[in-house]
file run_5.txt (compact mmCIF, N, CA and C atoms)
# COMPACT_ATOMS: atom_id res chain seq x y z
N MET A 1 195.15 0.12 -74.60
CA MET A 1 196.36 0.52 -75.32
C MET A 1 195.98 0.83 -76.76
N SER A 2 196.43 1.98 -77.26
CA SER A 2 196.09 2.37 -78.63
C SER A 2 197.06 1.74 -79.61
N ASP A 3 196.66 1.71 -80.87
CA ASP A 3 197.51 1.15 -81.92
C ASP A 3 198.81 1.91 -82.08
N THR A 4 198.79 3.22 -81.83
CA THR A 4 199.99 4.03 -82.04
C THR A 4 201.06 3.74 -81.00
N GLN A 5 200.70 3.19 -79.86
CA GLN A 5 201.71 2.88 -78.85
C GLN A 5 202.60 1.72 -79.29
N ASP A 6 202.16 0.93 -80.23
CA ASP A 6 202.95 -0.19 -80.73
C ASP A 6 203.94 0.22 -81.81
N LEU A 7 203.85 1.45 -82.28
CA LEU A 7 204.71 1.91 -83.35
C LEU A 7 206.02 2.47 -82.80
N PRO A 8 207.11 2.31 -83.53
CA PRO A 8 208.37 2.91 -83.06
C PRO A 8 208.29 4.43 -83.14
N ALA A 9 209.09 5.08 -82.33
CA ALA A 9 209.13 6.54 -82.36
C ALA A 9 209.64 7.00 -83.71
N GLY A 10 209.02 7.99 -84.26
CA GLY A 10 209.44 8.53 -85.55
C GLY A 10 210.50 9.60 -85.36
N PRO A 11 210.92 10.19 -86.45
CA PRO A 11 211.94 11.24 -86.37
C PRO A 11 211.35 12.52 -85.77
N ARG A 12 212.23 13.35 -85.26
CA ARG A 12 211.81 14.66 -84.78
C ARG A 12 211.36 15.49 -85.99
N PRO A 13 210.46 16.44 -85.79
CA PRO A 13 210.03 17.29 -86.90
C PRO A 13 211.24 17.95 -87.57
N GLY A 14 211.27 17.90 -88.87
CA GLY A 14 212.35 18.51 -89.64
C GLY A 14 213.57 17.61 -89.82
N ASP A 15 213.60 16.47 -89.15
CA ASP A 15 214.73 15.55 -89.27
C ASP A 15 214.56 14.70 -90.53
N ARG A 16 215.33 15.00 -91.55
CA ARG A 16 215.21 14.30 -92.82
C ARG A 16 216.28 13.22 -92.97
N HIS A 17 217.03 12.95 -91.89
CA HIS A 17 218.13 12.00 -92.00
C HIS A 17 217.89 10.73 -91.20
N THR A 18 216.72 10.57 -90.58
CA THR A 18 216.41 9.36 -89.86
C THR A 18 216.17 8.24 -90.85
N SER A 19 216.76 7.08 -90.60
CA SER A 19 216.56 5.93 -91.47
C SER A 19 215.69 4.91 -90.76
N PHE A 20 214.79 4.31 -91.51
CA PHE A 20 213.94 3.26 -90.98
C PHE A 20 214.33 1.90 -91.56
N PHE A 21 215.01 1.91 -92.70
CA PHE A 21 215.38 0.68 -93.39
C PHE A 21 216.87 0.69 -93.69
N ALA A 22 217.43 -0.49 -93.89
CA ALA A 22 218.85 -0.60 -94.22
C ALA A 22 219.13 -0.01 -95.60
N ASP A 23 218.18 -0.13 -96.49
CA ASP A 23 218.34 0.35 -97.87
C ASP A 23 217.84 1.79 -97.96
N PRO A 24 218.72 2.75 -98.31
CA PRO A 24 218.28 4.15 -98.39
C PRO A 24 217.22 4.37 -99.47
N VAL A 25 217.21 3.56 -100.50
CA VAL A 25 216.18 3.71 -101.55
C VAL A 25 214.80 3.45 -100.94
N THR A 26 214.71 2.45 -100.09
CA THR A 26 213.43 2.15 -99.44
C THR A 26 213.01 3.31 -98.54
N ASP A 27 213.97 3.92 -97.84
CA ASP A 27 213.65 5.10 -97.03
C ASP A 27 213.12 6.24 -97.89
N HIS A 28 213.74 6.47 -99.04
CA HIS A 28 213.28 7.56 -99.92
C HIS A 28 211.88 7.25 -100.47
N LEU A 29 211.63 6.00 -100.79
CA LEU A 29 210.29 5.63 -101.26
C LEU A 29 209.25 5.83 -100.16
N LEU A 30 209.60 5.46 -98.93
CA LEU A 30 208.69 5.67 -97.81
C LEU A 30 208.39 7.16 -97.64
N ARG A 31 209.42 7.99 -97.67
CA ARG A 31 209.21 9.44 -97.54
C ARG A 31 208.32 9.97 -98.66
N ALA A 32 208.54 9.49 -99.88
CA ALA A 32 207.73 9.95 -101.01
C ALA A 32 206.27 9.56 -100.82
N VAL A 33 206.02 8.33 -100.39
CA VAL A 33 204.65 7.87 -100.19
C VAL A 33 203.96 8.65 -99.07
N VAL A 34 204.66 8.85 -97.97
CA VAL A 34 204.08 9.59 -96.85
C VAL A 34 203.82 11.05 -97.25
N THR A 35 204.76 11.65 -97.98
CA THR A 35 204.58 13.02 -98.46
C THR A 35 203.36 13.12 -99.37
N LEU A 36 203.25 12.19 -100.30
CA LEU A 36 202.11 12.20 -101.21
C LEU A 36 200.79 12.00 -100.47
N ALA A 37 200.77 11.09 -99.52
CA ALA A 37 199.54 10.84 -98.76
C ALA A 37 199.11 12.09 -98.00
N GLY A 38 200.06 12.78 -97.38
CA GLY A 38 199.73 14.01 -96.66
C GLY A 38 199.23 15.10 -97.58
N GLU A 39 199.93 15.28 -98.69
CA GLU A 39 199.52 16.31 -99.66
C GLU A 39 198.15 15.99 -100.25
N LEU A 40 197.92 14.73 -100.57
CA LEU A 40 196.63 14.35 -101.15
C LEU A 40 195.49 14.59 -100.16
N SER A 41 195.72 14.26 -98.91
CA SER A 41 194.69 14.46 -97.89
C SER A 41 194.32 15.93 -97.76
N VAL A 42 195.33 16.78 -97.67
CA VAL A 42 195.08 18.22 -97.55
C VAL A 42 194.38 18.75 -98.80
N THR A 43 194.84 18.33 -99.96
CA THR A 43 194.25 18.79 -101.21
C THR A 43 192.79 18.37 -101.33
N ARG A 44 192.49 17.14 -100.96
CA ARG A 44 191.10 16.68 -101.01
C ARG A 44 190.22 17.50 -100.08
N ASP A 45 190.70 17.76 -98.87
CA ASP A 45 189.92 18.56 -97.93
C ASP A 45 189.66 19.96 -98.47
N ARG A 46 190.70 20.59 -98.99
CA ARG A 46 190.56 21.96 -99.49
C ARG A 46 189.64 22.00 -100.73
N LEU A 47 189.79 21.05 -101.61
CA LEU A 47 188.96 21.00 -102.81
C LEU A 47 187.49 20.79 -102.43
N ALA A 48 187.24 19.89 -101.49
CA ALA A 48 185.86 19.66 -101.06
C ALA A 48 185.26 20.94 -100.46
N THR A 49 186.07 21.67 -99.71
CA THR A 49 185.60 22.93 -99.12
C THR A 49 185.28 23.96 -100.21
N VAL A 50 186.17 24.10 -101.17
CA VAL A 50 185.96 25.07 -102.26
C VAL A 50 184.71 24.70 -103.06
N GLU A 51 184.56 23.42 -103.40
CA GLU A 51 183.38 23.00 -104.16
C GLU A 51 182.10 23.25 -103.37
N ALA A 52 182.13 22.94 -102.07
CA ALA A 52 180.93 23.15 -101.25
C ALA A 52 180.58 24.63 -101.16
N LEU A 53 181.59 25.49 -100.96
CA LEU A 53 181.33 26.93 -100.87
C LEU A 53 180.79 27.48 -102.19
N LEU A 54 181.37 27.04 -103.29
CA LEU A 54 180.89 27.51 -104.60
C LEU A 54 179.48 27.01 -104.89
N ALA A 55 179.18 25.77 -104.52
CA ALA A 55 177.84 25.24 -104.73
C ALA A 55 176.83 25.97 -103.85
N GLN A 56 177.18 26.25 -102.59
CA GLN A 56 176.29 26.96 -101.68
C GLN A 56 176.00 28.37 -102.19
N ALA A 57 176.98 28.98 -102.83
CA ALA A 57 176.81 30.34 -103.35
C ALA A 57 176.12 30.34 -104.71
N GLY A 58 175.84 29.16 -105.24
CA GLY A 58 175.18 29.06 -106.54
C GLY A 58 176.09 29.38 -107.71
N VAL A 59 177.39 29.38 -107.48
CA VAL A 59 178.36 29.71 -108.52
C VAL A 59 178.69 28.48 -109.36
N LEU A 60 178.58 27.31 -108.77
CA LEU A 60 179.05 26.09 -109.42
C LEU A 60 178.08 24.95 -109.20
N ASP A 61 177.80 24.24 -110.25
CA ASP A 61 177.08 22.97 -110.14
C ASP A 61 178.18 21.91 -110.01
N ARG A 62 178.17 21.15 -108.94
CA ARG A 62 179.25 20.20 -108.68
C ARG A 62 179.49 19.24 -109.84
N SER A 63 178.48 18.89 -110.58
CA SER A 63 178.68 17.97 -111.70
C SER A 63 179.49 18.61 -112.83
N ALA A 64 179.53 19.94 -112.87
CA ALA A 64 180.32 20.63 -113.90
C ALA A 64 181.80 20.33 -113.75
N VAL A 65 182.26 20.16 -112.52
CA VAL A 65 183.67 19.85 -112.27
C VAL A 65 184.03 18.51 -112.92
N ASP A 66 183.15 17.54 -112.81
CA ASP A 66 183.41 16.21 -113.36
C ASP A 66 183.47 16.20 -114.89
N HIS A 67 182.84 17.17 -115.53
CA HIS A 67 182.77 17.18 -116.99
C HIS A 67 183.65 18.26 -117.63
N SER A 68 184.43 18.96 -116.83
CA SER A 68 185.25 20.06 -117.34
C SER A 68 186.57 19.54 -117.90
N LEU A 69 187.01 20.12 -118.99
CA LEU A 69 188.31 19.80 -119.59
C LEU A 69 189.15 21.08 -119.65
N PRO A 70 190.45 20.97 -119.34
CA PRO A 70 191.29 22.17 -119.37
C PRO A 70 191.53 22.66 -120.80
N SER A 71 191.73 23.99 -120.94
CA SER A 71 192.09 24.56 -122.24
C SER A 71 193.51 24.13 -122.57
N GLY A 72 193.97 24.43 -123.76
CA GLY A 72 195.33 24.06 -124.17
C GLY A 72 196.40 24.61 -123.25
N ASP A 73 196.34 25.91 -122.95
CA ASP A 73 197.34 26.53 -122.05
C ASP A 73 197.24 25.96 -120.64
N GLU A 74 196.02 25.76 -120.18
CA GLU A 74 195.82 25.21 -118.84
C GLU A 74 196.33 23.77 -118.78
N ALA A 75 196.10 23.00 -119.82
CA ALA A 75 196.59 21.62 -119.86
C ALA A 75 198.12 21.60 -119.82
N LEU A 76 198.75 22.51 -120.55
CA LEU A 76 200.22 22.60 -120.54
C LEU A 76 200.75 22.98 -119.16
N ALA A 77 200.09 23.92 -118.50
CA ALA A 77 200.50 24.35 -117.16
C ALA A 77 200.34 23.20 -116.16
N ARG A 78 199.25 22.46 -116.28
CA ARG A 78 199.04 21.31 -115.39
C ARG A 78 200.11 20.24 -115.61
N GLU A 79 200.45 20.00 -116.87
CA GLU A 79 201.48 19.00 -117.17
C GLU A 79 202.83 19.44 -116.61
N ALA A 80 203.17 20.71 -116.72
CA ALA A 80 204.43 21.22 -116.17
C ALA A 80 204.44 21.05 -114.66
N ALA A 81 203.34 21.35 -113.99
CA ALA A 81 203.26 21.20 -112.54
C ALA A 81 203.37 19.72 -112.15
N ARG A 82 202.76 18.86 -112.93
CA ARG A 82 202.84 17.42 -112.67
C ARG A 82 204.27 16.92 -112.80
N GLN A 83 204.97 17.37 -113.84
CA GLN A 83 206.36 16.97 -114.05
C GLN A 83 207.26 17.48 -112.92
N LYS A 84 207.01 18.70 -112.44
CA LYS A 84 207.80 19.24 -111.33
C LYS A 84 207.57 18.42 -110.06
N LEU A 85 206.33 18.08 -109.79
CA LEU A 85 206.01 17.25 -108.62
C LEU A 85 206.74 15.92 -108.70
N LEU A 86 206.68 15.27 -109.84
CA LEU A 86 207.37 13.99 -110.00
C LEU A 86 208.87 14.15 -109.82
N SER A 87 209.43 15.19 -110.38
CA SER A 87 210.86 15.44 -110.25
C SER A 87 211.23 15.67 -108.79
N ASP A 88 210.44 16.48 -108.08
CA ASP A 88 210.71 16.76 -106.67
C ASP A 88 210.62 15.49 -105.82
N LEU A 89 209.64 14.65 -106.11
CA LEU A 89 209.47 13.43 -105.34
C LEU A 89 210.55 12.39 -105.64
N LEU A 90 210.94 12.31 -106.90
CA LEU A 90 211.86 11.26 -107.30
C LEU A 90 213.33 11.65 -107.20
N ALA A 91 213.64 12.93 -107.02
CA ALA A 91 215.04 13.37 -106.98
C ALA A 91 215.86 12.64 -105.91
N PRO A 92 215.38 12.50 -104.67
CA PRO A 92 216.18 11.78 -103.67
C PRO A 92 216.37 10.31 -104.04
N LEU A 93 215.35 9.70 -104.62
CA LEU A 93 215.46 8.31 -105.05
C LEU A 93 216.49 8.15 -106.16
N VAL A 94 216.42 9.02 -107.15
CA VAL A 94 217.38 8.96 -108.26
C VAL A 94 218.80 9.21 -107.75
N ALA A 95 218.95 10.15 -106.82
CA ALA A 95 220.27 10.41 -106.26
C ALA A 95 220.80 9.19 -105.52
N SER A 96 219.93 8.50 -104.78
CA SER A 96 220.37 7.30 -104.07
C SER A 96 220.79 6.19 -105.03
N LEU A 97 220.05 6.06 -106.10
CA LEU A 97 220.36 5.00 -107.07
C LEU A 97 221.64 5.29 -107.83
N SER A 98 221.98 6.55 -108.01
CA SER A 98 223.17 6.89 -108.80
C SER A 98 224.44 6.95 -107.96
N ARG A 99 224.32 6.83 -106.62
CA ARG A 99 225.50 6.81 -105.76
C ARG A 99 226.18 5.44 -105.86
N PRO A 100 227.52 5.43 -105.88
CA PRO A 100 228.18 4.12 -105.89
C PRO A 100 227.93 3.39 -104.57
N ALA A 101 227.79 2.09 -104.68
CA ALA A 101 227.51 1.27 -103.49
C ALA A 101 228.73 1.06 -102.64
call {"tool": "encode", "arguments": {"input": "run_5.txt", "output": "C-alpha cells"}}
result
Amino acid sequence: MSDTQDLPAGPRPGDRHTSFFADPVTDHLLRAVVTLAGELSVTRDRLATVEALLAQAGVLDRSAVDHSLPSGDEALAREAARQKLLSDLLAPLVASLSRPA
C-alpha cells in the first residue's frame, strides 16, 4: 500500500471551493503554501535547465549567477513583481479576515 492511499481525496481540478479545515483562513493558508511549493519547484527546474544550457554553450559561468546584483531598474522591477506575488497570494487570506464572523 502506498502512502498516497492513506490521504483523503482532494478537490477536482479547478475546484477552488473545497474546504479541508473548519477555519477558512487555514484553507487559504494551505492553498497559498501549496501554490508556492508548486511554483517554486517549477521555477527551480527551469532555472537549473537554463543555467545548464548556458554553461554548456559557454555563455555563462555558473558562479557568475551567485555574484550578480541587479541594476537599479531591474531591482525596482523585481520588487514590483515580488509585491504583486505577495498581494496575489495574500488577497484571499485578507478577504477572509475582513469578513464578519
call {"tool": "atom_distance", "arguments": {"input": "run_5.txt", "atom1": "CA of Phe21 (chain A)", "atom2": "CA of Ala91 (chain A)"}}
result
18.6 Å
call {"tool": "select_by_dssp", "arguments": {"input": "run_5.txt", "residues": "chain A", "states": "alpha helix (DSSP H)", "output": "ChimeraX atom specification"}}
result
/A:24-56,62-67,72-98
call {"tool": "residues_around", "arguments": {"input": "run_5.txt", "residues": "His28 (chain A)", "least_positions_apart": "3", "cutoff": "6 Å", "atoms": "only C-alpha atoms", "output": "MDAnalysis selection string"}}
result
chainID A and resid 25 31 93
call {"tool": "atom_distance", "arguments": {"input": "run_5.txt", "atom1": "CA of Arg99 (chain A)", "atom2": "CA of Leu86 (chain A)"}}
result
20.0 Å
call {"tool": "atom_distance", "arguments": {"input": "run_5.txt", "atom1": "CA of Arg78 (chain A)", "atom2": "atom N of Ser98 (chain A)"}}
result
28.3 Å
call {"tool": "closest_residue", "arguments": {"input": "run_5.txt", "among": "A:Gly72, A:Arg12, A:Pro24, A:Asp6", "to": "Leu97 (chain A)", "atoms": "only C-alpha atoms"}}
result
A:Pro24
